[in-house]
file query-v5.txt (compact mmCIF, C-alpha atoms)
# COMPACT_ATOMS: atom_id res chain seq x y z
CA MET A 13 141.88 134.76 61.74
CA THR A 14 144.52 136.93 60.11
CA GLY A 15 146.82 139.45 61.76
CA LEU A 16 146.84 140.78 65.27
CA PRO A 17 143.99 142.69 66.87
CA GLU A 18 144.68 146.18 68.18
CA ILE A 19 146.80 146.17 71.34
CA LEU A 20 145.15 148.49 73.87
CA TYR A 21 147.57 148.02 76.77
CA GLU A 22 150.72 146.01 77.34
CA ASP A 23 153.31 145.65 80.09
CA ASN A 24 155.19 142.80 81.77
CA HIS A 25 152.05 141.59 83.57
CA ILE A 26 149.01 142.41 81.43
CA LEU A 27 147.99 142.40 77.78
CA ILE A 28 144.67 143.92 76.70
CA VAL A 29 143.44 143.76 73.10
CA ASN A 30 140.48 144.99 71.09
CA LYS A 31 138.94 141.71 69.97
CA ARG A 32 137.43 141.73 66.51
CA PRO A 33 133.99 140.19 65.95
CA GLY A 34 134.51 136.63 64.81
CA ASP A 35 137.76 136.13 66.70
CA ILE A 36 137.56 133.14 69.02
CA VAL A 37 139.17 133.80 72.41
CA GLN A 38 140.05 130.19 73.25
CA GLY A 39 140.31 127.09 71.08
CA ASP A 40 137.14 125.02 70.67
CA LYS A 41 135.76 122.18 68.57
CA THR A 42 135.85 124.31 65.40
CA GLY A 43 139.63 124.06 65.35
CA ASP A 44 139.93 127.72 64.34
CA VAL A 45 143.02 129.65 65.40
CA SER A 46 142.32 131.21 68.79
CA LEU A 47 143.16 134.69 69.96
CA ILE A 48 145.17 133.36 72.89
CA ASP A 49 147.39 131.28 70.57
CA LEU A 50 147.85 134.23 68.22
CA LEU A 51 148.92 136.43 71.12
CA LYS A 52 151.30 133.81 72.50
CA ASN A 53 153.07 133.80 69.14
CA TYR A 54 153.15 137.60 69.17
CA ILE A 55 154.82 137.65 72.62
CA LYS A 56 157.25 134.89 71.66
CA ASP A 57 158.37 136.79 68.55
CA LYS A 58 158.45 140.28 70.06
CA TYR A 59 160.38 139.36 73.20
CA HIS A 60 162.36 136.43 71.74
CA LYS A 61 160.94 134.06 74.37
CA PRO A 62 162.36 130.53 74.32
CA GLY A 63 160.03 127.60 74.98
CA LYS A 64 156.36 127.93 75.83
CA VAL A 65 154.85 131.36 76.49
CA PHE A 66 152.52 131.86 79.48
CA LEU A 67 149.32 133.77 78.76
CA GLY A 68 146.29 133.46 81.02
CA LEU A 69 142.74 134.41 80.08
CA VAL A 70 141.13 136.66 82.70
CA HIS A 71 137.62 136.80 81.19
CA ARG A 72 135.81 135.86 77.99
CA ILE A 73 133.55 137.54 75.48
CA ASP A 74 131.45 135.70 72.91
CA ARG A 75 132.76 135.04 69.40
CA PRO A 76 130.41 137.48 67.57
CA VAL A 77 131.07 140.19 70.19
CA SER A 78 133.90 142.74 69.90
CA GLY A 79 135.93 144.83 72.29
CA ALA A 80 138.38 144.83 75.17
CA VAL A 81 139.64 141.51 76.56
CA ILE A 82 142.22 141.15 79.36
CA PHE A 83 145.01 138.55 79.34
CA ALA A 84 147.61 137.99 82.06
CA ARG A 85 151.28 137.57 81.14
CA THR A 86 152.31 136.19 84.55
CA SER A 87 150.75 133.66 86.90
CA LYS A 88 150.80 136.25 89.69
CA ALA A 89 148.80 138.71 87.60
CA LEU A 90 146.37 135.98 86.56
CA THR A 91 145.69 134.95 90.15
CA ARG A 92 145.12 138.54 91.27
CA LEU A 93 143.01 139.51 88.27
CA THR A 94 140.86 136.39 88.58
CA THR A 95 140.19 137.28 92.22
CA MET A 96 139.36 140.85 91.18
CA VAL A 97 136.81 139.55 88.67
CA LYS A 98 135.15 137.40 91.35
CA ASP A 99 135.14 140.35 93.78
CA ARG A 100 133.70 142.63 91.06
CA GLU A 101 136.68 144.97 91.22
CA ILE A 102 136.95 145.14 87.41
CA ARG A 103 134.27 147.39 85.95
CA LYS A 104 133.19 146.38 82.45
CA THR A 105 131.08 148.70 80.32
CA TYR A 106 129.50 147.55 77.07
CA TRP A 107 127.77 149.27 74.18
CA ALA A 108 124.83 147.56 72.48
CA ILE A 109 122.81 148.62 69.45
CA VAL A 110 119.20 147.50 69.85
CA ASP A 111 116.00 147.79 67.82
CA LYS A 112 113.76 149.22 70.54
CA ILE A 113 113.99 152.06 73.03
CA PRO A 114 113.95 150.53 76.52
CA ASP A 115 111.29 151.58 79.01
CA PRO A 116 112.44 153.21 81.22
CA LEU A 117 115.33 154.86 79.38
CA GLN A 118 117.71 153.80 82.11
CA GLY A 119 117.43 151.20 84.79
CA ARG A 120 118.65 148.03 86.43
CA LEU A 121 117.80 144.53 85.24
CA GLU A 122 117.81 141.61 87.66
CA ASN A 123 116.97 138.20 86.24
CA TYR A 124 117.73 134.58 86.95
CA LEU A 125 119.44 132.73 84.09
CA VAL A 126 119.93 129.09 83.24
CA LYS A 127 122.49 128.01 80.66
CA ASN A 128 121.58 125.36 78.09
CA ALA A 129 124.96 123.92 77.12
CA LYS A 130 123.66 121.98 74.12
CA GLN A 131 122.14 125.10 72.60
CA ASN A 132 124.90 127.39 73.89
CA LYS A 133 122.18 129.74 75.06
CA SER A 134 120.91 131.19 78.34
CA TYR A 135 117.29 131.61 79.33
CA VAL A 136 115.56 133.90 81.82
CA VAL A 137 113.76 131.74 84.40
CA VAL A 138 112.12 132.05 87.78
CA LYS A 139 114.38 132.13 90.84
CA GLU A 140 113.39 128.64 92.01
CA THR A 141 114.57 126.96 88.78
CA LYS A 142 117.35 124.42 89.25
CA ASP A 143 120.83 125.86 88.56
CA ALA A 144 119.43 129.38 88.09
CA LYS A 145 121.97 132.17 88.70
CA LEU A 146 121.26 135.82 89.43
CA ALA A 147 122.25 138.19 86.60
CA VAL A 148 122.38 141.94 87.21
CA LEU A 149 123.20 144.84 84.89
CA GLU A 150 122.52 148.57 84.65
CA TYR A 151 121.72 150.26 81.35
CA SER A 152 121.10 153.72 79.93
CA LEU A 153 120.15 155.10 76.52
CA LEU A 154 123.01 157.03 74.91
CA ALA A 155 121.65 157.89 71.45
CA SER A 156 119.02 157.00 68.84
CA SER A 157 118.69 156.94 65.07
CA LYS A 158 115.41 156.43 63.21
CA SER A 159 115.32 152.71 63.85
CA LEU A 160 118.22 151.79 66.14
CA HIS A 161 119.30 152.79 69.64
CA LEU A 162 122.62 152.77 71.47
CA LEU A 163 122.68 151.51 75.05
CA GLN A 164 125.46 151.69 77.61
CA ILE A 165 125.52 148.65 79.86
CA ASP A 166 127.44 148.27 83.11
CA LEU A 167 127.81 144.63 84.11
CA ILE A 168 127.31 143.87 87.78
CA THR A 169 127.56 140.10 87.34
CA GLY A 170 129.22 138.08 84.58
CA ARG A 171 126.87 135.29 83.48
CA HIS A 172 126.87 133.34 80.23
CA HIS A 173 125.30 135.46 77.45
CA GLN A 174 123.96 137.72 80.18
CA ILE A 175 123.48 140.95 78.22
CA ARG A 176 122.04 139.16 75.22
CA ALA A 177 119.54 137.15 77.28
CA GLN A 178 118.46 139.97 79.58
CA LEU A 179 117.90 142.48 76.77
CA ALA A 180 116.00 139.88 74.75
CA ALA A 181 113.75 139.25 77.76
CA LYS A 182 113.00 142.98 77.69
CA GLN A 183 112.27 142.69 73.93
CA CYS A 184 115.25 144.91 73.11
CA TYR A 185 117.01 142.75 70.54
CA ILE A 186 120.67 143.33 69.75
CA ARG A 187 121.35 144.10 66.09
CA GLY A 188 122.46 140.94 64.29
CA ASP A 189 121.82 138.58 67.23
CA LEU A 190 119.62 135.95 65.54
CA LYS A 191 120.06 133.56 68.47
CA TYR A 192 118.30 135.98 70.79
CA GLY A 193 115.56 137.31 68.53
CA ALA A 194 117.07 139.79 66.04
CA ARG A 195 115.27 139.82 62.70
CA ARG A 196 118.35 139.77 60.48
CA SER A 197 122.06 139.06 60.68
CA ASN A 198 124.93 141.48 60.17
CA PRO A 199 126.95 141.10 56.94
CA ASP A 200 130.08 140.04 58.83
CA GLY A 201 128.31 137.63 61.19
CA SER A 202 128.87 139.90 64.19
CA ILE A 203 126.35 141.16 66.68
CA CYS A 204 126.29 144.80 67.76
CA LEU A 205 127.58 144.22 71.27
CA HIS A 206 130.96 145.74 72.14
CA SER A 207 133.14 145.65 75.25
CA ARG A 208 133.72 149.40 75.22
CA GLU A 209 135.52 150.23 78.48
CA ILE A 210 137.33 148.43 81.30
CA ASN A 211 138.30 150.13 84.57
CA PHE A 212 140.43 148.53 87.28
CA ILE A 213 143.47 148.94 89.50
CA HIS A 214 146.60 147.31 88.10
CA PRO A 215 147.16 144.22 90.31
CA VAL A 216 150.92 144.77 90.55
CA SER A 217 151.69 148.48 90.12
CA GLY A 218 148.51 149.83 91.74
CA GLU A 219 147.97 152.17 88.77
CA LYS A 220 144.38 153.05 87.90
CA LEU A 221 143.66 151.87 84.37
CA MET A 222 140.83 152.96 82.06
CA ILE A 223 140.93 151.10 78.76
CA ILE A 224 138.67 152.14 75.86
CA ALA A 225 138.18 150.00 72.75
CA GLU A 226 137.14 151.60 69.47
CA VAL A 227 134.03 150.15 67.80
CA PRO A 228 134.09 147.93 64.69
CA SER A 229 133.73 149.36 61.19
CA LEU A 230 130.04 148.57 60.60
CA PRO A 231 128.09 151.72 59.53
CA GLU A 232 125.75 151.38 62.52
CA TRP A 233 128.67 151.60 64.93
CA LYS A 234 130.26 154.53 63.12
CA PHE A 235 126.98 156.46 63.17
CA PHE A 236 126.64 156.13 66.93
CA GLU A 237 130.30 156.83 67.59
CA VAL A 238 129.76 160.26 66.02
CA HIS A 239 126.25 160.96 67.34
CA LYS A 240 126.34 159.53 70.87
call {"tool": "encode", "arguments": {"input": "query-v5.txt", "output": "structure tokens"}}
result
Amino acid sequence: MTGLPEILYEDNHILIVNKRPGDIVQGDKTGDVSLIDLLKNYIKDKYHKPGKVFLGLVHRIDRPVSGAVIFARTSKALTRLTTMVKDREIRKTYWAIVDKIPDPLQGRLENYLVKNAKQNKSYVVVKETKDAKLAVLEYSLLASSKSLHLLQIDLITGRHHQIRAQLAAKQCYIRGDLKYGARRSNPDGSICLHSREINFIHPVSGEKLMIIAEVPSLPEWKFFEVHK
């Protein structure tokens, strides 16, 4: 990972960035530099902070996914934002490029998911399955090209690989997502799933925030950004 991602919003309590596909949010067994460590160094240098820098992760997005991610710069903000996530007071809207027009063109998906930790994958199962969790999202078709289609997705719940698993179960495969059924990968290893917009009330100031993250530079994204 080289350089900082785009800073979308920053104050004394919150930092929101436009994560690039391939950036890893938190450290894992790969040992790659994480986004949270990169941002801690950024805060330390910018504000001349002595000692360790506090930066709390409010929510995650998968490594091949891009878009807006919220971090908390204070423990008070982290506690409040974490509660807001649990209470579904943070609205997260995604864009996904898929290979099939969904039927119907807009709707609500409700599935039960089980996570397979060894495979790092989630599966749609029947409700009675052990450890199954309800996953809910709403989607609508925004635009189409000859072979690809842009969906807007509003997350109601926040399950592991939820969008990827639920769309795959509907046979709408996300561009580049080999793990969930796409036919081919993207050149940069990304998948065409992007955290496009986040709406919430600032946990300290009470200000209403609407954060929009620009799409990556892949031609597919640029086409839909113009033609949506």
call {"tool": "closest_residue", "arguments": {"input": "query-v5.txt", "among": "A:Asp189, A:Glu237, A:Asp23, A:Glu150", "to": "Gly119 of chain A", "atoms": "all atoms listed in the file"}}
result
A:Glu150
call {"tool": "closest_residue", "arguments": {"input": "query-v5.txt", "among": "A:His60, A:Lys133, A:Lys234, A:Lys220", "to": "Gln174 of chain A", "atoms": "only C-alpha atoms"}}
result
A:Lys133
call {"tool": "atom_distance", "arguments": {"input": "query-v5.txt", "atom1": "atom CA of Val110 of chain A", "atom2": "atom CA of Leu163 of chain A"}}
result
7.4 Å
call {"tool": "closest_residue", "arguments": {"input": "query-v5.txt", "among": "A:Ile48, A:Val37, A:Val97, A:Ala181", "to": "Val137 of chain A", "atoms": "all atoms listed in the file"}}
result
A:Ala181
call {"tool": "residues_around", "arguments": {"input": "query-v5.txt", "residues": "Pro76 of chain A", "least_positions_apart": "4", "cutoff": "7 Å", "atoms": "only C-alpha atoms", "output": "list in words"}}
result
Pro33, Gly34, Gly201, Ser202 and Ile203 of chain A
call {"tool": "closest_residue", "arguments": {"input": "query-v5.txt", "among": "A:Val148, A:Leu121, A:Ile213, A:Leu221", "to": "Lys182 of chain A", "atoms": "only C-alpha atoms"}}
result
A:Leu121
call {"tool": "closest_residue", "arguments": {"input": "query-v5.txt", "among": "A:Ile223, A:Val216, A:Ile168, A:Ala80", "to": "Asn24 of chain A", "atoms": "all atoms listed in the file"}}
result
A:Val216
call {"tool": "closest_residue", "arguments": {"input": "query-v5.txt", "among": "A:Leu167, A:Pro199, A:Asp74, A:Val81", "to": "Pro17 of chain A", "atoms": "only C-alpha atoms"}}
result
A:Val81
call {"tool": "residues_near_point", "arguments": {"input": "query-v5.txt", "point": "(116.5, 152.9, 65.8)", "cutoff": "10 Å", "atoms": "all atoms listed in the file", "output": "short mmCIF file (atom, residue, chain, number, x, y, z; two decimals) with C-alpha atoms, in the coordinates of the input"}}
result
data_model
loop_
_atom_site.label_atom_id
_atom_site.label_comp_id
_atom_site.auth_asym_id
_atom_site.auth_seq_id
_atom_site.Cartn_x
_atom_site.Cartn_y
_atom_site.Cartn_z
CA ILE A 109 122.81 148.62 69.45
CA VAL A 110 119.20 147.50 69.85
CA ASP A 111 116.00 147.79 67.82
CA LYS A 112 113.76 149.22 70.54
CA ILE A 113 113.99 152.06 73.03
CA ALA A 155 121.65 157.89 71.45
CA SER A 156 119.02 157.00 68.84
CA SER A 157 118.69 156.94 65.07
CA LYS A 158 115.41 156.43 63.21
CA SER A 159 115.32 152.71 63.85
CA LEU A 160 118.22 151.79 66.14
CA HIS A 161 119.30 152.79 69.64
CA LEU A 162 122.62 152.77 71.47
CA GLU A 232 125.75 151.38 62.52
#
call {"tool": "residues_around", "arguments": {"input": "query-v5.txt", "residues": "Lys145 of chain A", "least_positions_apart": "3", "cutoff": "8 Å", "atoms": "only C-alpha atoms", "output": "CSV table (one decimal) with C-alpha atoms, in the frame of the given file"}}
result
chain,number,residue,atom,x,y,z
A,124,TYR,CA,117.7,134.6,87.0
A,125,LEU,CA,119.4,132.7,84.1
A,126,VAL,CA,119.9,129.1,83.2
A,139,LYS,CA,114.4,132.1,90.8
A,171,ARG,CA,126.9,135.3,83.5
call {"tool": "decode", "arguments": {"input": "query-v5.txt", "residues": "segment 140-162 of chain A", "atoms": "N, CA and C atoms", "output": "compact mmCIF listing (two decimals), in the first residue's frame"}}
result
# COMPACT_ATOMS: atom_id res chain seq x y z
N GLU A 140 -33.54 -22.39 9.49
CA GLU A 140 -33.31 -23.30 10.63
C GLU A 140 -31.84 -23.72 10.77
N THR A 141 -31.00 -23.37 9.81
CA THR A 141 -29.59 -23.77 9.86
C THR A 141 -28.89 -23.17 11.08
N LYS A 142 -28.05 -23.97 11.72
CA LYS A 142 -27.32 -23.51 12.90
C LYS A 142 -26.46 -22.29 12.56
N ASP A 143 -26.52 -21.29 13.42
CA ASP A 143 -25.75 -20.05 13.30
C ASP A 143 -26.18 -19.16 12.13
N ALA A 144 -27.30 -19.46 11.51
CA ALA A 144 -27.78 -18.63 10.41
C ALA A 144 -28.22 -17.26 10.91
N LYS A 145 -27.89 -16.22 10.17
CA LYS A 145 -28.26 -14.84 10.53
C LYS A 145 -29.03 -14.19 9.37
N LEU A 146 -30.07 -13.45 9.73
CA LEU A 146 -30.88 -12.79 8.72
C LEU A 146 -30.09 -11.66 8.06
N ALA A 147 -30.12 -11.62 6.73
CA ALA A 147 -29.47 -10.56 5.95
C ALA A 147 -30.52 -9.90 5.07
N VAL A 148 -30.59 -8.57 5.14
CA VAL A 148 -31.61 -7.83 4.41
C VAL A 148 -30.97 -6.66 3.67
N LEU A 149 -31.33 -6.50 2.40
CA LEU A 149 -30.90 -5.34 1.62
C LEU A 149 -32.01 -4.96 0.64
N GLU A 150 -31.96 -3.72 0.17
CA GLU A 150 -32.85 -3.26 -0.88
C GLU A 150 -32.00 -2.83 -2.07
N TYR A 151 -32.45 -3.12 -3.27
CA TYR A 151 -31.67 -2.81 -4.47
C TYR A 151 -32.55 -2.17 -5.53
N SER A 152 -31.91 -1.45 -6.45
CA SER A 152 -32.61 -0.92 -7.62
C SER A 152 -31.61 -0.79 -8.77
N LEU A 153 -32.11 -0.93 -9.98
CA LEU A 153 -31.28 -0.80 -11.18
C LEU A 153 -31.12 0.67 -11.52
N LEU A 154 -29.86 1.12 -11.64
CA LEU A 154 -29.59 2.52 -11.97
C LEU A 154 -29.31 2.73 -13.45
N ALA A 155 -28.59 1.79 -14.08
CA ALA A 155 -28.19 1.97 -15.48
C ALA A 155 -27.73 0.64 -16.04
N SER A 156 -27.69 0.56 -17.39
CA SER A 156 -27.22 -0.65 -18.06
C SER A 156 -26.36 -0.30 -19.26
N SER A 157 -25.37 -1.15 -19.53
CA SER A 157 -24.64 -1.11 -20.80
C SER A 157 -25.07 -2.35 -21.57
N LYS A 158 -24.34 -2.73 -22.60
CA LYS A 158 -24.72 -3.90 -23.37
C LYS A 158 -24.64 -5.19 -22.55
N SER A 159 -23.66 -5.27 -21.66
CA SER A 159 -23.45 -6.52 -20.96
C SER A 159 -23.38 -6.41 -19.44
N LEU A 160 -23.34 -5.17 -18.92
CA LEU A 160 -23.21 -4.97 -17.48
C LEU A 160 -24.29 -4.02 -16.96
N HIS A 161 -24.55 -4.09 -15.66
CA HIS A 161 -25.65 -3.34 -15.09
C HIS A 161 -25.25 -2.80 -13.73
N LEU A 162 -25.64 -1.55 -13.46
CA LEU A 162 -25.29 -0.88 -12.22
C LEU A 162 -26.46 -0.93 -11.26
